[in-house]
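Below: coords_14.txt (compact mmCIF, C-alpha atoms and all ligand atoms)
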```
# COMPACT_ATOMS: atom_id res chain seq x y z
CA MET A 1 43.16 -75.17 33.98
CA SER A 2 42.50 -78.44 32.20
CA LEU A 3 39.20 -78.91 30.39
CA ILE A 4 39.44 -82.68 30.71
CA PRO A 5 37.05 -84.07 33.34
CA LYS A 6 38.80 -86.43 35.79
CA SER A 7 36.01 -88.94 35.23
CA HIS A 8 36.81 -89.27 31.52
CA PRO A 9 37.71 -92.94 30.87
CA ARG A 10 40.91 -91.88 29.13
CA ALA A 11 41.68 -88.94 31.38
CA LYS A 12 45.28 -89.98 32.15
CA SER A 13 46.23 -90.27 28.50
CA LEU A 14 44.45 -86.99 27.69
CA PHE A 15 46.28 -85.18 30.52
CA ILE A 16 49.60 -86.33 29.11
CA ARG A 17 48.52 -85.24 25.62
CA GLU A 18 47.50 -81.88 27.03
CA LYS A 19 50.99 -81.39 28.48
CA LEU A 20 52.43 -81.87 24.99
CA VAL A 21 49.95 -79.44 23.44
CA VAL A 22 50.68 -76.81 26.10
CA GLY A 23 54.39 -77.48 25.56
CA PHE A 24 53.89 -76.91 21.85
CA GLU A 25 51.99 -73.67 22.42
CA ASN A 26 54.75 -72.46 24.77
CA GLY A 27 57.48 -73.16 22.23
CA LEU A 28 58.97 -76.20 23.96
CA VAL A 29 57.77 -78.95 21.68
CA ALA A 30 58.36 -79.23 17.92
CA LYS A 31 55.48 -80.14 15.59
CA GLU A 32 57.28 -83.38 14.89
CA GLY A 33 57.35 -84.00 18.65
CA LEU A 34 53.56 -84.14 18.65
CA LEU A 35 53.67 -86.84 15.99
CA ALA A 36 56.31 -88.79 17.91
CA HIS A 37 54.03 -88.62 20.95
CA GLY A 38 51.16 -90.05 18.90
CA ARG A 39 53.28 -93.02 17.95
CA GLY A 40 54.15 -93.54 21.60
CA GLU A 41 50.47 -93.35 22.61
CA ALA A 42 49.60 -96.08 20.11
CA PHE A 43 52.22 -98.42 21.54
CA ASP A 44 51.13 -97.58 25.08
CA TYR A 45 47.58 -98.60 24.18
CA LEU A 46 48.87 -101.91 22.86
CA LEU A 47 50.88 -102.42 26.05
CA GLY A 48 47.79 -101.79 28.20
CA GLU A 49 49.14 -98.49 29.58
CA LYS A 50 50.93 -100.27 32.41
CA THR A 51 54.54 -100.71 33.47
CA ARG A 52 55.10 -104.36 32.60
CA LYS A 53 57.60 -106.83 34.06
CA ALA A 54 60.17 -106.41 31.30
CA ALA A 55 60.21 -102.64 31.83
CA LYS A 56 60.73 -103.12 35.57
CA LYS A 57 63.71 -105.35 34.82
CA ALA A 58 65.15 -102.78 32.41
CA ILE A 59 64.66 -100.02 34.98
CA LYS A 60 66.67 -101.97 37.56
CA ALA A 61 69.48 -102.62 35.07
CA ALA A 62 69.45 -98.95 34.03
CA ALA A 63 69.73 -97.83 37.65
CA ALA A 64 72.72 -100.13 38.17
CA GLN A 65 74.33 -98.84 34.97
CA ILE A 66 73.84 -95.21 36.01
CA LEU A 67 75.23 -95.79 39.50
CA LEU A 68 78.30 -97.50 38.04
CA ALA A 69 78.93 -94.70 35.53
CA ASN A 70 81.81 -92.26 35.90
CA SER A 71 80.02 -89.49 34.09
CA PRO A 72 76.32 -90.10 33.42
CA ILE A 73 74.20 -87.54 31.58
CA ILE A 74 70.52 -87.06 30.75
CA SER A 75 69.82 -85.70 27.27
CA VAL A 76 66.66 -83.56 27.32
CA ASN A 77 64.49 -82.71 24.30
CA GLY A 78 61.26 -80.74 23.99
CA ASN A 79 58.89 -83.65 24.64
CA ILE A 80 60.70 -84.64 27.82
CA ALA A 81 60.82 -81.08 29.08
CA ALA A 82 57.06 -80.78 28.49
CA LEU A 83 56.22 -84.15 30.04
CA CYS A 84 58.41 -84.50 33.11
CA PRO A 85 60.86 -81.68 33.89
CA LYS A 86 60.68 -82.12 37.68
CA GLU A 87 61.23 -85.85 37.38
CA ILE A 88 64.35 -85.24 35.24
CA VAL A 89 65.84 -82.96 37.87
CA LYS A 90 65.02 -85.49 40.60
CA LEU A 91 66.75 -88.26 38.67
CA ALA A 92 69.76 -86.03 38.02
CA ASN A 93 70.06 -85.15 41.72
CA ILE A 94 69.78 -88.71 42.99
CA SER A 95 72.09 -90.22 40.38
CA LYS A 96 74.55 -87.30 40.09
CA ALA A 97 73.89 -87.20 36.36
CA LYS A 98 74.39 -84.03 34.37
CA ILE A 99 71.64 -82.54 32.21
CA GLU A 100 72.16 -81.51 28.59
CA VAL A 101 69.59 -79.97 26.27
CA ASN A 102 69.98 -81.70 22.95
CA LEU A 103 67.44 -81.26 20.19
CA PHE A 104 66.69 -83.23 17.06
CA TYR A 105 65.04 -80.19 15.45
CA SER A 106 67.39 -77.59 16.84
CA SER A 107 66.38 -73.98 17.42
CA GLU A 108 67.94 -71.47 19.80
CA LYS A 109 64.53 -70.20 20.86
CA ARG A 110 63.24 -73.64 21.72
CA LYS A 111 66.45 -74.44 23.59
CA GLN A 112 65.97 -71.33 25.77
CA CYS A 113 62.35 -72.32 26.49
CA ILE A 114 63.51 -75.76 27.61
CA VAL A 115 66.27 -74.28 29.79
CA LYS A 116 63.70 -72.02 31.44
CA VAL A 117 61.40 -74.92 32.28
CA LEU A 118 64.27 -77.02 33.64
CA LYS A 119 65.53 -74.15 35.80
CA LYS A 120 62.02 -73.56 37.11
CA SER A 121 61.98 -77.24 38.02
CA GLY A 122 65.17 -76.87 40.08
CA ALA A 123 67.98 -77.67 37.63
CA LYS A 124 71.22 -75.94 38.60
CA GLU A 125 73.60 -76.64 35.74
CA ILE A 126 72.35 -77.21 32.20
CA LEU A 127 74.74 -78.11 29.40
CA GLY A 128 74.26 -77.85 25.64
CA ILE A 129 73.57 -74.13 25.60
CA ASN A 130 77.04 -72.65 25.38
CA ARG A 131 78.22 -72.42 21.77
CA ASN A 132 81.86 -72.24 22.91
CA SER A 133 81.68 -75.73 24.32
CA SER A 134 79.85 -77.36 21.41
CA ILE A 135 81.52 -80.10 19.41
CA LYS A 136 80.46 -82.44 16.60
CA LEU A 137 79.61 -86.03 17.28
CA PRO A 138 81.00 -88.07 14.37
CA GLY A 139 78.67 -90.07 12.13
CA LEU A 140 75.71 -87.68 12.01
CA ASP A 141 74.55 -84.96 9.65
CA SER A 142 73.21 -81.50 10.48
CA ALA A 143 72.44 -79.89 13.84
CA ARG A 144 71.68 -83.22 15.46
CA ARG A 145 75.38 -83.94 15.82
CA ILE A 146 76.19 -80.91 17.97
CA VAL A 147 76.81 -81.92 21.57
CA ASP A 148 78.47 -80.31 24.58
CA LYS A 149 82.13 -81.24 25.03
CA ASN A 150 81.68 -81.15 28.81
CA GLY A 151 78.49 -83.18 28.57
CA ILE A 152 77.44 -85.90 26.14
CA PHE A 153 80.80 -85.81 24.36
CA THR A 154 82.73 -86.93 27.45
CA ALA A 155 79.97 -88.91 29.19
CA ASP A 156 80.24 -92.70 29.47
CA VAL A 157 76.51 -93.32 30.04
CA VAL A 158 73.88 -91.30 28.17
CA ILE A 159 70.21 -91.44 29.13
CA VAL A 160 68.21 -90.48 26.05
CA PRO A 161 64.47 -90.61 26.61
CA LEU A 162 62.58 -90.67 23.27
CA GLU A 163 65.56 -90.60 20.96
CA ASP A 164 65.89 -91.03 17.22
CA GLY A 165 67.54 -94.15 15.83
CA ASP A 166 70.37 -92.40 13.94
CA ARG A 167 71.49 -90.49 17.00
CA THR A 168 71.34 -93.59 19.18
CA MET A 169 73.57 -95.37 16.69
CA ALA A 170 76.01 -92.44 16.61
CA LEU A 171 76.20 -92.43 20.42
CA ARG A 172 76.90 -96.16 20.44
CA LYS A 173 79.59 -95.75 17.77
CA ALA A 174 81.16 -93.04 19.92
CA GLY A 175 81.52 -95.69 22.65
CA LYS A 176 78.71 -94.52 24.93
CA LYS A 177 76.43 -96.79 26.87
CA VAL A 178 72.91 -95.72 25.94
CA ILE A 179 69.82 -96.02 28.13
CA THR A 180 66.51 -95.10 26.51
CA PHE A 181 62.80 -94.98 27.25
CA ASP A 182 60.87 -96.03 24.18
CA LEU A 183 57.34 -97.43 24.03
CA ASN A 184 58.07 -98.99 20.65
CA PRO A 185 60.19 -102.12 21.16
CA LEU A 186 60.69 -102.31 17.39
CA SER A 187 62.21 -98.84 16.87
CA ARG A 188 65.84 -98.51 15.84
CA THR A 189 66.53 -96.73 19.10
CA SER A 190 65.08 -99.61 21.12
CA GLN A 191 67.08 -102.12 19.12
CA THR A 192 70.35 -100.16 19.29
CA ALA A 193 70.42 -98.95 22.91
CA ASN A 194 72.22 -100.94 25.62
CA ILE A 195 69.18 -100.73 27.87
CA THR A 196 65.67 -99.98 26.58
CA ILE A 197 62.86 -99.27 29.01
CA VAL A 198 59.69 -100.11 27.06
CA ASP A 199 57.31 -97.95 29.05
CA ASN A 200 55.78 -94.51 29.04
CA VAL A 201 58.43 -92.12 30.26
CA THR A 202 55.76 -90.43 32.42
CA ARG A 203 55.41 -93.67 34.43
CA ALA A 204 58.97 -94.96 34.23
CA MET A 205 61.09 -91.91 35.03
CA ASP A 206 60.08 -91.84 38.71
CA LEU A 207 60.50 -95.61 38.93
CA LEU A 208 64.07 -95.22 37.66
CA THR A 209 64.79 -92.56 40.29
CA LEU A 210 63.37 -94.82 43.00
CA SER A 211 65.46 -97.72 41.77
CA CYS A 212 68.62 -95.55 41.80
CA LYS A 213 67.81 -94.55 45.37
CA LYS A 214 67.34 -98.19 46.47
CA LEU A 215 70.38 -99.54 44.63
CA SER A 216 72.68 -96.76 45.84
CA LYS A 217 72.95 -98.74 49.08
CA ARG A 218 74.33 -101.77 47.23
CA ASN A 219 78.00 -102.38 46.52
CA LYS A 220 79.57 -102.22 43.07
CA LYS A 221 79.84 -105.99 42.73
CA ILE A 222 76.08 -106.44 43.11
CA LEU A 223 75.39 -103.58 40.70
CA LYS A 224 77.69 -105.18 38.16
CA GLU A 225 75.91 -108.51 38.56
CA ILE A 226 72.52 -106.85 37.92
CA MET A 227 73.92 -105.24 34.77
CA ASP A 228 75.63 -108.36 33.50
CA GLU A 229 72.46 -110.40 33.93
CA PHE A 230 70.53 -108.00 31.70
CA ASN A 231 70.16 -108.78 28.01
CA ASN A 232 68.48 -106.03 25.99
CA LYS A 233 67.56 -108.23 23.02
CA LYS A 234 65.87 -110.75 25.33
CA ASN A 235 64.13 -107.94 27.24
CA LEU A 236 62.79 -106.41 24.01
CA SER A 237 61.52 -109.78 22.95
CA ASP A 238 59.79 -110.12 26.36
CA SER A 239 58.17 -106.69 25.81
CA ILE A 240 56.84 -107.79 22.42
CA ILE A 241 55.43 -110.92 24.05
CA GLU A 242 53.80 -108.74 26.74
CA ILE A 243 52.09 -106.72 24.00
CA ARG A 244 51.00 -109.95 22.27
CA ASP A 245 49.64 -111.39 25.54
CA HIS A 246 47.75 -108.19 26.27
CA LEU A 247 46.22 -108.25 22.79
CA THR A 248 45.32 -111.92 23.21
CA ARG A 249 43.51 -111.11 26.48
CA ARG A 250 41.68 -108.23 24.79
CA SER A 251 40.70 -110.35 21.82
CA HIS A 252 39.03 -112.84 24.19
CA ILE A 253 36.88 -110.12 25.78
CA ALA A 254 35.92 -108.55 22.46
P1 LIG B 301 63.62 -94.70 15.47
O1 LIG B 301 64.21 -93.49 14.82
O2 LIG B 301 64.30 -95.07 16.77
O3 LIG B 301 63.48 -95.89 14.55
P2 LIG B 301 61.00 -93.61 15.06
O4 LIG B 301 61.56 -92.86 13.90
O5 LIG B 301 59.90 -94.59 14.86
O6 LIG B 301 62.13 -94.34 15.91
P3 LIG B 301 61.09 -91.19 16.59
O7 LIG B 301 60.14 -90.12 16.31
O8 LIG B 301 62.48 -91.09 16.03
O9 LIG B 301 60.43 -92.57 16.15
O10 LIG B 301 61.26 -91.42 18.15
C1 LIG B 301 60.24 -91.26 19.07
C2 LIG B 301 60.04 -92.54 19.83
O11 LIG B 301 59.56 -92.20 21.12
C3 LIG B 301 58.98 -93.47 19.21
O12 LIG B 301 59.48 -94.78 19.12
C4 LIG B 301 57.79 -93.42 20.20
O13 LIG B 301 57.16 -94.67 20.29
C5 LIG B 301 58.50 -93.09 21.48
N1 LIG B 301 57.65 -92.32 22.45
C6 LIG B 301 56.86 -91.25 22.22
N2 LIG B 301 56.27 -90.80 23.34
C7 LIG B 301 56.74 -91.60 24.34
C8 LIG B 301 56.54 -91.61 25.75
N3 LIG B 301 55.73 -90.75 26.37
N4 LIG B 301 57.19 -92.56 26.48
C9 LIG B 301 58.03 -93.45 25.88
N5 LIG B 301 58.26 -93.49 24.55
C10 LIG B 301 57.62 -92.58 23.78
MG MG B 302 63.33 -91.70 14.06
```
I'd like the structure from this file rewritten - as structure tokens, please.
Amino acid sequence: MSLIPKSHPRAKSLFIREKLVVGFENGLVAKEGLLAHGRGEAFDYLLGEKTRKAAKKAIKAAAAQILLANSPIISVNGNIAALCPKEIVKLANISKAKIEVNLFYSSEKRKQCIVKVLKKSGAKEILGINRNSSIKLPGLDSARRIVDKNGIFTADVVIVPLEDGDRTMALRKAGKKVITFDLNPLSRTSQTANITIVDNVTRAMDLLTLSCKKLSKRNKKILKEIMDEFNNKKNLSDSIIEIRDHLTRRSHIA
């Protein structure tokens, strides 16, 4: 039971924070994940805690990209498993994407906790847990480079919500198309991904699923046009302008 009263002016943000804390206490989230969440919260505040136009555009392009993929995959870490496990499974089902558990701060115990939560949320097949099918992604040090050879390694489109910059770069170098959710339009991940959704993953994940559902009725030519029209650099710049405009509005009220 949550101790946060619904009437609290920042209830939504506190509920999300609570999910992370519970996730940490249950062994899903790494300490560093809590800090990463804090950085996200700060950018969400600056964005006005709303899904802005640029994010909606990126979501549409991401849906088109996923539907056009031969072998899409969603990479799940502790924060994502704590924040939106059901939404991940929904997206995977609608888009026929696989699910792989892939951790920045790897630990077998944490991996098992994440698998348990995903299974409880309805996931059937989860990759990244069988040592026999693990393989090294070139260009990265340490545990972060271990991926599943039936998953991320062979995927053409990788959805990496809340990813680190080095890993995003390694995925790009390995020839993958990378879709990310990142509230910070200035992060290396945002700047390196093919499609960056600058929005809180707790708002945007369901919107992406909805967009996949809608666009699945469209033919490949139209999907390709949507993708080709999208320019990530321009979209990131629009997101920065949205933050600036929000701050300008706030500075007038203050
Ligand atoms: P990079 O390595 O890409 O330069 P970073 O080192 O600043 O980024 P990381 O901790 O590697 O940050 O990645 C976490 C990213 O996830 C941050 O950019 C943060 O803003 C973002 N983030 C955290 N929580 C959320 C959330 N709920 N929704 C969307 N993005 C989030
Ligand atoms: Mg980083």
* Could you pull the residues within 12 Å of Leu215 in chain A, counting all atoms listed in the file, minus those fewer than 4 positions along the same chain, as a list in words? ->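 What passes the distance filter is Ile59, Lys60, Ala61, Ala62, Ala63, Ala64, Gln65, Ile66, Leu67, Leu68, Ile94, Ser95, Leu208, Thr209, Leu210, Ser211, Asn219, Lys220, Lys221, Ile222, Leu223, Lys224, Ile226 and Met227 of chain A.
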* Asked: What separation in Å, quoted to one decimal, exists between CA of Glu25 in chain A and CA of Arg110 in chain A?
  -> 11.3 Å
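What separates CA of Ala11 in chain A from CA of Asp245 in chain A is a distance of 24.5 Å.
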* How would you write, as a list in words, the set of residues no farther than 9 Å from ligand MG 302 (chain B) when counting only C-alpha atoms and all ligand atoms? -> Ala36, Glu163, Asp164, Gly165, Asp166, Arg167, Ser187, Arg188 and Thr189 of chain A
* Structure fact -> Thr202 in chain A proximity check over A:Val22, A:Phe181, A:Asn130, A:Ala54, using all atoms listed in the file: winner is A:Phe181
* Find the residue from A:Ile240, A:Leu14, A:Leu186, A:Cys113 that sits nearest to ligand LIG 301 (chain B); use all atoms listed in the file when measuring. =>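 Looking at the shortest contact to ligand LIG 301 (chain B), the residue is A:Leu186.
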* **Residue with smallest distance to Phe153 in chain A - pool A:Cys84, A:Val117, A:Leu140, A:Leu171, counting all atoms listed in the file** =>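 Closest to Phe153 in chain A of all the choices is A:Leu171.
The space between CA of Leu162 in chain A and atom C5 of ligand LIG 301 (chain B) spans 5.1 Å.
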* Within 9 Å of ligand LIG 301 (chain B), counting only C-alpha atoms and all ligand atoms, which protein or nucleic acid residues do you find, written as a VMD selection string? -> chain A and resid 16 32 to 44 79 to 80 83 104 161 to 168 180 to 192 197 to 204
Can you write out the residues you just picked, keeping C-alpha atoms, as a short mmCIF file (atom, residue, chain, number, x, y, z; two decimals), in the coordinates of the input?
```cif
data_model
loop_
_atom_site.label_atom_id
_atom_site.label_comp_id
_atom_site.auth_asym_id
_atom_site.auth_seq_id
_atom_site.Cartn_x
_atom_site.Cartn_y
_atom_site.Cartn_z
CA ILE A 16 49.60 -86.33 29.11
CA GLU A 32 57.28 -83.38 14.89
CA GLY A 33 57.35 -84.00 18.65
CA LEU A 34 53.56 -84.14 18.65
CA LEU A 35 53.67 -86.84 15.99
CA ALA A 36 56.31 -88.79 17.91
CA HIS A 37 54.03 -88.62 20.95
CA GLY A 38 51.16 -90.05 18.90
CA ARG A 39 53.28 -93.02 17.95
CA GLY A 40 54.15 -93.54 21.60
CA GLU A 41 50.47 -93.35 22.61
CA ALA A 42 49.60 -96.08 20.11
CA PHE A 43 52.22 -98.42 21.54
CA ASP A 44 51.13 -97.58 25.08
CA ASN A 79 58.89 -83.65 24.64
CA ILE A 80 60.70 -84.64 27.82
CA LEU A 83 56.22 -84.15 30.04
CA PHE A 104 66.69 -83.23 17.06
CA PRO A 161 64.47 -90.61 26.61
CA LEU A 162 62.58 -90.67 23.27
CA GLU A 163 65.56 -90.60 20.96
CA ASP A 164 65.89 -91.03 17.22
CA GLY A 165 67.54 -94.15 15.83
CA ASP A 166 70.37 -92.40 13.94
CA ARG A 167 71.49 -90.49 17.00
CA THR A 168 71.34 -93.59 19.18
CA THR A 180 66.51 -95.10 26.51
CA PHE A 181 62.80 -94.98 27.25
CA ASP A 182 60.87 -96.03 24.18
CA LEU A 183 57.34 -97.43 24.03
CA ASN A 184 58.07 -98.99 20.65
CA PRO A 185 60.19 -102.12 21.16
CA LEU A 186 60.69 -102.31 17.39
CA SER A 187 62.21 -98.84 16.87
CA ARG A 188 65.84 -98.51 15.84
CA THR A 189 66.53 -96.73 19.10
CA SER A 190 65.08 -99.61 21.12
CA GLN A 191 67.08 -102.12 19.12
CA THR A 192 70.35 -100.16 19.29
CA ILE A 197 62.86 -99.27 29.01
CA VAL A 198 59.69 -100.11 27.06
CA ASP A 199 57.31 -97.95 29.05
CA ASN A 200 55.78 -94.51 29.04
CA VAL A 201 58.43 -92.12 30.26
CA THR A 202 55.76 -90.43 32.42
CA ARG A 203 55.41 -93.67 34.43
CA ALA A 204 58.97 -94.96 34.23
#
```
